[in-house]
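J.: This is the content of entry10.txt (compact mmCIF, C-alpha atoms):
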```txt
# COMPACT_ATOMS: atom_id res chain seq x y z
CA MET H 1 -18.59 10.38 9.52
CA THR H 2 -17.70 14.05 9.34
CA VAL H 3 -14.45 15.82 10.03
CA ASP H 4 -14.10 17.61 13.36
CA ALA H 5 -14.86 21.30 12.71
CA SER H 6 -12.21 22.44 15.20
CA LEU H 7 -9.53 20.91 12.98
CA ALA H 8 -8.73 24.18 11.18
CA GLY H 9 -5.63 25.76 12.66
CA ARG H 10 -4.53 22.58 14.42
CA THR H 11 -0.86 21.59 14.22
CA PHE H 12 0.07 17.94 14.62
CA PRO H 13 3.21 16.58 16.30
CA PRO H 14 6.31 16.38 14.06
CA THR H 15 6.83 13.09 12.21
CA PRO H 16 9.67 10.81 13.39
CA PRO H 17 13.03 11.89 11.91
CA TYR H 18 13.52 10.41 8.42
CA PRO H 19 17.16 9.76 7.48
CA VAL H 20 17.71 10.38 3.77
CA SER H 21 20.25 7.93 2.38
CA ARG H 22 21.76 7.75 -1.10
CA GLU H 23 19.90 4.46 -1.52
CA ARG H 24 16.54 6.06 -0.70
CA ILE H 25 17.08 8.86 -3.21
CA GLU H 26 18.34 6.40 -5.83
CA GLU H 27 15.28 4.18 -5.36
CA PHE H 28 12.93 7.16 -5.71
CA ALA H 29 14.79 8.53 -8.74
CA ARG H 30 14.78 5.14 -10.46
CA ALA H 31 11.06 4.70 -9.76
CA THR H 32 10.30 7.93 -11.61
CA GLY H 33 12.74 7.27 -14.44
CA SER H 34 15.15 9.95 -13.26
CA THR H 35 18.85 9.59 -12.67
CA TYR H 36 20.55 10.40 -9.37
CA ASP H 37 23.91 12.06 -9.79
CA GLY H 38 24.77 12.10 -6.08
CA GLY H 39 23.52 15.68 -5.63
CA ALA H 40 19.96 16.92 -5.28
CA ALA H 41 17.12 14.46 -4.77
CA PRO H 42 14.24 14.63 -7.28
CA ALA H 43 11.97 17.62 -6.58
CA THR H 44 9.02 15.52 -5.45
CA PHE H 45 11.12 13.38 -3.07
CA PRO H 46 9.91 15.34 0.04
CA ILE H 47 6.45 13.80 -0.54
CA VAL H 48 7.84 10.73 1.22
CA VAL H 49 8.09 12.73 4.46
CA ALA H 50 4.95 14.82 3.82
CA PHE H 51 3.01 11.64 3.10
CA GLY H 52 3.97 10.36 6.56
CA ALA H 53 2.53 13.51 8.13
CA MET H 54 -0.67 13.24 6.05
CA THR H 55 -1.07 9.56 6.95
CA ALA H 56 -0.72 10.39 10.66
CA LEU H 57 -3.44 13.04 10.26
CA MET H 58 -5.76 10.63 8.46
CA GLU H 59 -5.18 7.84 10.96
CA ASP H 60 -5.76 10.10 14.00
CA GLU H 61 -9.09 8.87 15.35
CA SER H 62 -9.96 12.27 16.88
CA VAL H 63 -9.94 13.79 13.36
CA GLY H 64 -12.73 11.63 11.92
CA ILE H 65 -11.31 10.88 8.48
CA ALA H 66 -12.10 7.60 6.70
CA LEU H 67 -8.96 6.83 4.72
CA HIS H 68 -10.66 5.20 1.73
CA ARG H 69 -12.75 8.37 1.19
CA VAL H 70 -9.75 10.65 0.77
CA VAL H 71 -8.62 11.95 -2.62
CA HIS H 72 -5.44 13.98 -3.14
CA GLY H 73 -6.81 17.11 -4.82
CA GLU H 74 -3.84 19.38 -5.08
CA GLN H 75 -0.13 19.45 -4.21
CA ARG H 76 2.40 22.24 -4.17
CA PHE H 77 5.99 22.50 -2.96
CA THR H 78 8.12 25.52 -2.24
CA TYR H 79 11.78 24.79 -1.66
CA THR H 80 14.35 26.57 0.47
CA ARG H 81 16.96 24.11 -0.81
CA PRO H 82 17.01 20.69 -2.47
CA VAL H 83 17.04 17.52 -0.34
CA VAL H 84 20.42 15.77 -0.28
CA ALA H 85 21.72 12.49 1.17
CA GLY H 86 22.57 12.88 4.85
CA ASP H 87 19.52 15.02 5.62
CA VAL H 88 17.36 13.88 8.50
CA LEU H 89 13.92 15.27 7.73
CA THR H 90 10.87 15.92 9.87
CA ALA H 91 7.46 17.16 8.71
CA THR H 92 5.13 19.20 10.90
CA LEU H 93 1.62 19.36 9.50
CA THR H 94 -0.90 22.13 10.12
CA VAL H 95 -4.47 22.10 8.85
CA ASP H 96 -4.69 25.63 7.43
CA THR H 97 -8.25 25.50 6.13
CA LEU H 98 -11.32 23.31 6.37
CA ARG H 99 -14.30 23.86 4.05
CA GLN H 100 -17.42 21.85 3.35
CA ILE H 101 -18.53 21.70 -0.28
CA GLY H 102 -21.33 19.44 -1.51
CA GLY H 103 -21.01 16.91 1.29
CA ALA H 104 -17.22 16.78 1.06
CA ASP H 105 -14.67 18.17 3.50
CA ILE H 106 -11.82 20.01 1.81
CA LEU H 107 -8.71 20.14 3.98
CA GLY H 108 -5.92 22.54 3.14
CA THR H 109 -2.77 21.20 4.80
CA ARG H 110 0.74 22.59 5.10
CA SER H 111 3.71 20.45 6.09
CA GLU H 112 6.85 22.31 7.08
CA ILE H 113 9.82 20.04 6.35
CA THR H 114 12.95 20.77 8.34
CA ASP H 115 16.40 19.18 8.64
CA GLN H 116 18.23 17.84 11.72
CA ASP H 117 19.26 21.39 12.68
CA GLY H 118 15.65 22.58 12.54
CA ARG H 119 16.35 24.59 9.40
CA PRO H 120 13.64 24.77 6.70
CA VAL H 121 14.10 22.63 3.60
CA CYS H 122 10.73 22.76 1.93
CA THR H 123 7.02 23.35 2.50
CA ALA H 124 4.51 20.88 1.09
CA PHE H 125 0.94 22.11 0.65
CA ALA H 126 -1.66 19.40 0.06
CA THR H 127 -5.39 19.67 -0.48
CA LEU H 128 -7.19 16.55 0.69
CA VAL H 129 -10.79 15.94 -0.35
CA HIS H 130 -12.73 13.79 2.09
CA ARG H 131 -15.99 12.63 0.51
CA GLY H 132 -18.95 12.26 2.86
CA GLU H 133 -21.19 9.17 2.97
CA GLU H 134 -23.87 10.61 0.67
CA SER H 135 -21.52 11.85 -2.06
CA ALA H 136 -19.43 8.68 -2.17
CA MET V 1 15.59 30.47 -20.86
CA ASN V 2 13.56 33.46 -22.04
CA THR V 3 9.91 34.38 -21.76
CA GLY V 4 7.91 32.61 -24.46
CA ASP V 5 10.40 29.79 -24.97
CA VAL V 6 8.67 26.52 -25.81
CA LEU V 7 10.59 23.68 -24.16
CA PRO V 8 11.11 20.34 -25.93
CA GLU V 9 8.19 17.98 -25.37
CA GLN V 10 8.97 14.95 -23.19
CA THR V 11 7.12 11.64 -23.49
CA TYR V 12 7.26 9.04 -20.73
CA THR V 13 5.75 5.57 -20.89
CA VAL V 14 4.06 4.38 -17.69
CA THR V 15 3.45 0.70 -16.99
CA ARG V 16 2.00 -1.22 -14.04
CA ALA V 17 5.56 -2.20 -13.08
CA ASP V 18 6.42 1.52 -12.73
CA LEU V 19 3.51 2.01 -10.34
CA VAL V 20 4.61 -0.88 -8.15
CA ARG V 21 8.13 0.52 -8.06
CA TYR V 22 6.79 3.98 -7.19
CA ALA V 23 4.52 2.58 -4.46
CA GLY V 24 7.58 1.05 -2.82
CA ALA V 25 9.79 4.11 -3.21
CA SER V 26 7.18 6.63 -2.03
CA GLY V 27 5.43 4.60 0.66
CA ASP V 28 2.02 5.18 -0.99
CA ARG V 29 0.61 1.66 -1.11
CA ASN V 30 -3.02 2.62 -1.84
CA PRO V 31 -4.43 -0.42 -3.71
CA ILE V 32 -6.16 1.77 -6.34
CA HIS V 33 -2.64 2.02 -7.81
CA TRP V 34 -2.15 -1.75 -8.18
CA SER V 35 -5.46 -3.61 -7.84
CA ASP V 36 -8.13 -3.43 -10.57
CA ARG V 37 -10.59 -4.98 -8.13
CA VAL V 38 -10.18 -2.16 -5.60
CA ALA V 39 -9.93 0.57 -8.26
CA THR V 40 -13.18 -0.43 -9.96
CA SER V 41 -14.93 -0.84 -6.57
CA VAL V 42 -14.46 2.91 -5.95
CA GLY V 43 -15.71 3.83 -9.43
CA LEU V 44 -12.44 4.14 -11.34
CA PRO V 45 -12.08 2.57 -14.80
CA GLY V 46 -9.10 0.56 -13.53
CA VAL V 47 -5.73 0.97 -11.86
CA ILE V 48 -4.58 4.59 -12.01
CA ALA V 49 -1.14 6.16 -11.56
CA HIS V 50 -0.43 7.98 -8.30
CA GLY V 51 -1.03 11.69 -8.89
CA MET V 52 2.37 12.28 -7.32
CA PHE V 53 3.93 9.87 -9.82
CA THR V 54 2.60 12.03 -12.67
CA LEU V 55 3.88 15.16 -10.92
CA ALA V 56 7.26 13.43 -10.54
CA LEU V 57 7.32 12.98 -14.34
CA ALA V 58 6.73 16.73 -14.70
CA ALA V 59 9.66 17.31 -12.32
CA ARG V 60 11.77 14.95 -14.45
CA ALA V 61 11.00 17.08 -17.51
CA LEU V 62 11.97 20.22 -15.58
CA ASP V 63 15.37 18.67 -14.67
CA THR V 64 15.89 17.80 -18.35
CA TRP V 65 15.04 21.34 -19.45
CA ALA V 66 17.16 22.93 -16.70
CA GLY V 67 20.04 20.62 -17.60
CA ALA V 68 20.59 19.84 -13.92
CA THR V 69 18.85 18.54 -10.81
CA GLY V 70 18.08 20.70 -7.80
CA ARG V 71 16.93 23.78 -9.70
CA VAL V 72 13.20 23.56 -8.91
CA ARG V 73 12.12 26.29 -6.44
CA GLU V 74 8.37 25.77 -6.69
CA LEU V 75 6.22 23.02 -8.15
CA GLY V 76 2.52 22.38 -7.95
CA CYS V 77 -0.67 21.22 -9.63
CA LYS V 78 -4.21 20.02 -9.15
CA PHE V 79 -4.94 16.36 -9.79
CA THR V 80 -7.83 16.64 -12.21
CA LYS V 81 -7.99 13.47 -14.33
CA PRO V 82 -6.71 9.99 -13.54
CA VAL V 83 -3.99 8.37 -15.65
CA VAL V 84 -5.40 4.90 -16.26
CA VAL V 85 -2.59 2.37 -16.69
CA PRO V 86 -3.45 -0.84 -18.57
CA ASP V 87 -2.32 -4.28 -17.40
CA ASP V 88 -0.03 -4.96 -20.37
CA ASP V 89 3.61 -4.53 -21.33
CA THR V 90 2.96 -1.42 -23.46
CA GLY V 91 1.63 0.92 -20.77
CA VAL V 92 0.44 4.41 -21.56
CA ASP V 93 2.27 7.59 -22.58
CA VAL V 94 2.32 10.74 -20.46
CA VAL V 95 3.41 13.84 -22.39
CA VAL V 96 4.93 16.85 -20.61
CA ARG V 97 5.09 20.21 -22.37
CA GLY V 98 6.41 23.47 -20.97
CA THR V 99 6.51 27.14 -21.87
CA VAL V 100 8.51 29.82 -20.10
CA SER V 101 5.81 32.20 -18.90
CA ASN V 102 8.00 34.76 -17.14
CA VAL V 103 11.56 35.40 -16.05
CA THR V 104 12.04 37.44 -12.88
CA ASP V 105 14.74 37.91 -10.24
CA GLU V 106 13.10 35.07 -8.31
CA GLY V 107 13.42 32.62 -11.15
CA VAL V 108 12.08 31.19 -14.38
CA GLN V 109 8.34 30.52 -14.29
CA VAL V 110 7.30 27.54 -16.38
CA ALA V 111 3.71 26.78 -17.35
CA LEU V 112 3.37 23.05 -17.86
CA GLU V 113 0.89 20.93 -19.75
CA VAL V 114 0.69 17.27 -18.83
CA THR V 115 -1.49 15.05 -20.99
CA CYS V 116 -2.40 11.39 -21.37
CA ARG V 117 -4.41 10.07 -24.35
CA GLY V 118 -4.78 13.69 -25.48
CA GLU V 119 -6.39 14.90 -22.26
CA LYS V 120 -4.91 17.15 -19.59
CA VAL V 121 -4.41 15.12 -16.42
CA LEU V 122 -2.99 17.85 -14.19
CA GLY V 123 -4.71 21.17 -13.51
CA MET V 124 -2.61 24.32 -13.73
CA PRO V 125 0.74 22.55 -13.36
CA ARG V 126 3.43 25.17 -12.90
CA ALA V 127 6.96 25.50 -11.63
CA VAL V 128 9.62 28.04 -10.84
CA LEU V 129 13.24 27.18 -11.66
CA ALA V 130 16.24 28.90 -10.16
CA ARG V 131 17.94 31.08 -12.73
CA GLY V 132 21.00 29.38 -14.14
```
I need this file expressed as C-alpha cells, please.
T.:
Amino acid sequence: MTVDASLAGRTFPPTPPYPVSRERIEEFARATGSTYDGGAAPATFPIVVAFGAMTALMEDESVGIALHRVVHGEQRFTYTRPVVAGDVLTATLTVDTLRQIGGADILGTRSEITDQDGRPVCTAFATLVHRGEESA
Amino acid sequence: MNTGDVLPEQTYTVTRADLVRYAGASGDRNPIHWSDRVATSVGLPGVIAHGMFTLALAARALDTWAGATGRVRELGCKFTKPVVVPDDDTGVDVVVRGTVSNVTDEGVQVALEVTCRGEKVLGMPRAVLARG
C-alpha cells in the first residue's frame, strides 16, 4: 500500500470542537507529573486535538495509510497563546509535504488549532513516517 | 535567564503505570505503549514510552526553569530513540538538561538534551520561552 501522491497540499475538514475543561487539563498534567494551577495547560496539551486530526488523516481510506506502519518522526509546536480551561478547540490539518525515502512515505503535516472564535491558539507540525511493505 | 546559562538538571522516573495514565489522558492508545507482545512483534525491545510523553517531560522541565506555566512559545524535537520502560515498580529515569542558547526580543531560546540510560532519546529538542 502506498500513499496517494496527490496528498501534498490537501487540507482535511476541521476536527469536531473539543471543549477543554479543568478536569481534562488536570488529568493531562497529572499524567505527565506536572501540576495544574488553574491557568495555562501544559505546553504539549494541544497534542490531544492535533492527534485527533492526525488519526482522521490516517483512518481516511482515500489516503492509503496503514496505521500500524506509522511512526511519529518529529513534532513541533508554535504557540500564539497557552490553552486554558473554557477553550473549545478545533484542529485543521494540511499535508504540507510528501516525500518518498527508501520505501517510506514521509508526511509533513501542519494542524492549525483555533478556538471557538476562530482565533489561532497554536500550530502543531508533525512528521509522520509511513513504512512501506518492503521496509517494514 | 542569560545566554550560556546552564539550567538545573531534572530527572523524572517513568513507569508502566505512567504510560497507561498518559494513554488515557492523551487519547493515544497505541498498544506498543502498553503491550510487550505487540511492541516486540514490531521489532521493539519491549513497551516504549510515547514520544509525546517524553516531550511532555521536557515541557515540565521548561515550566520548572521558567518558574511558571504558559511561558513556552515554541517546542519541538525529533523522536530518535525509544525510551524502553520495564515492567517493574522501579521504571526508568529520563534526564532533561537545558542551556540558554540565545536571548532575543522574541524570547529565550533553550537547547535541551533529553537522555535515558545515558543515550539521547530526542533529536534536537529545543524551545523558546517568553521573556519574563
J.: Choose the residue, out of V:Gly91, V:Gly27, V:Pro82, V:Gly132, that has the smallest atom-to-atom separation from chain H; count only C-alpha atoms.
T.: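 For chain H, the nearest of the given residues is V:Gly27.
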J.: Using only C-alpha atoms, find all polymer residues with an atom at most 8 Å away from the point (-6.0, 4.4, 3.7); report them as a ChimeraX atom specification.
T.: /H:55,58,66-68,70 /V:30
J.: Can you list every residue of chain H that has an atom at most 10 Å from chain V, with its nearest atom pair and the distance in Å to one decimal, using all atoms listed in the file, ordered by chain then number, as a Markdown table?
T.:
```
| residue | atom | partner | partner_atom | distance |
| --- | --- | --- | --- | --- |
| H:Arg24 | CA | V:Ala25 | CA | 7.5 |
| H:Ile25 | CA | V:Ala25 | CA | 8.7 |
| H:Glu26 | CA | V:Ala25 | CA | 9.2 |
| H:Glu27 | CA | V:Ala25 | CA | 5.9 |
| H:Phe28 | CA | V:Ala25 | CA | 5.0 |
| H:Ala29 | CA | V:Ala25 | CA | 8.7 |
| H:Arg30 | CA | V:Arg21 | CA | 8.4 |
| H:Ala31 | CA | V:Tyr22 | CA | 5.0 |
| H:Thr32 | CA | V:Ala56 | CA | 6.4 |
| H:Gly33 | CA | V:Arg60 | CA | 7.7 |
| H:Ser34 | CA | V:Arg60 | CA | 6.2 |
| H:Thr35 | CA | V:Arg60 | CA | 9.1 |
| H:Tyr36 | CA | V:Thr69 | CA | 8.4 |
| H:Asp37 | CA | V:Thr69 | CA | 8.3 |
| H:Gly38 | CA | V:Thr69 | CA | 9.9 |
| H:Gly39 | CA | V:Thr69 | CA | 7.5 |
| H:Ala40 | CA | V:Gly70 | CA | 4.9 |
| H:Ala41 | CA | V:Gly70 | CA | 7.0 |
| H:Pro42 | CA | V:Thr69 | CA | 7.0 |
| H:Ala43 | CA | V:Ala59 | CA | 6.2 |
| H:Thr44 | CA | V:Ala56 | CA | 5.8 |
| H:Phe45 | CA | V:Ser26 | CA | 7.9 |
| H:Pro46 | CA | V:Ser26 | CA | 9.4 |
| H:Ile47 | CA | V:Ser26 | CA | 7.4 |
| H:Val48 | CA | V:Ser26 | CA | 5.3 |
| H:Val49 | CA | V:Ser26 | CA | 9.0 |
| H:Phe51 | CA | V:Asp28 | CA | 7.7 |
| H:Gly52 | CA | V:Gly27 | CA | 8.4 |
| H:Thr55 | CA | V:Asp28 | CA | 9.6 |
| H:Leu67 | CA | V:Asn30 | CA | 9.8 |
| H:His68 | CA | V:Asn30 | CA | 8.8 |
| H:Arg69 | CA | V:Val42 | CA | 9.1 |
| H:Val71 | CA | V:Phe79 | CA | 9.2 |
| H:His72 | CA | V:Phe79 | CA | 7.1 |
| H:Gly73 | CA | V:Phe79 | CA | 5.4 |
| H:Glu74 | CA | V:Lys78 | CA | 4.1 |
| H:Gln75 | CA | V:Gly76 | CA | 5.4 |
| H:Arg76 | CA | V:Gly76 | CA | 3.8 |
| H:Phe77 | CA | V:Leu75 | CA | 5.2 |
| H:Thr78 | CA | V:Glu74 | CA | 4.5 |
| H:Tyr79 | CA | V:Arg73 | CA | 5.0 |
| H:Thr80 | CA | V:Arg73 | CA | 7.3 |
| H:Arg81 | CA | V:Arg73 | CA | 7.7 |
| H:Pro82 | CA | V:Gly70 | CA | 5.4 |
| H:Val83 | CA | V:Gly70 | CA | 8.2 |
| H:Val84 | CA | V:Gly70 | CA | 9.3 |
| H:Cys122 | CA | V:Arg73 | CA | 9.2 |
| H:Thr123 | CA | V:Glu74 | CA | 9.6 |
| H:Ala124 | CA | V:Gly76 | CA | 9.4 |
| H:Phe125 | CA | V:Gly76 | CA | 8.7 |
| H:Ala126 | CA | V:Gly76 | CA | 9.5 |
| H:Thr127 | CA | V:Lys78 | CA | 8.8 |
| H:Ala136 | CA | V:Val42 | CA | 8.5 |
```
J.: Applying 6 Å and all atoms listed in the file, which residues near region 99-110 of chain V remain after dropping the ones on its own chain fewer than 2 positions away? List them as a list in words.
T.: Thr3, Gly4, Asp5, Val6, Leu7, Arg126, Ala127, Val128, Leu129, Ala130 and Arg131 of chain V
J.: Quick one: distance from CA of Gly64 (chain H) to CA of Pro45 (chain V) in Å, one decimal?
T.: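 Answer for the CA of Gly64 (chain H) to CA of Pro45 (chain V) separation: 28.2 Å.
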J.: Grab the CA of Ile48 (chain V) to CA of Gln10 (chain V) distance for me, in Å with one decimal place.
T.: 20.4 Å
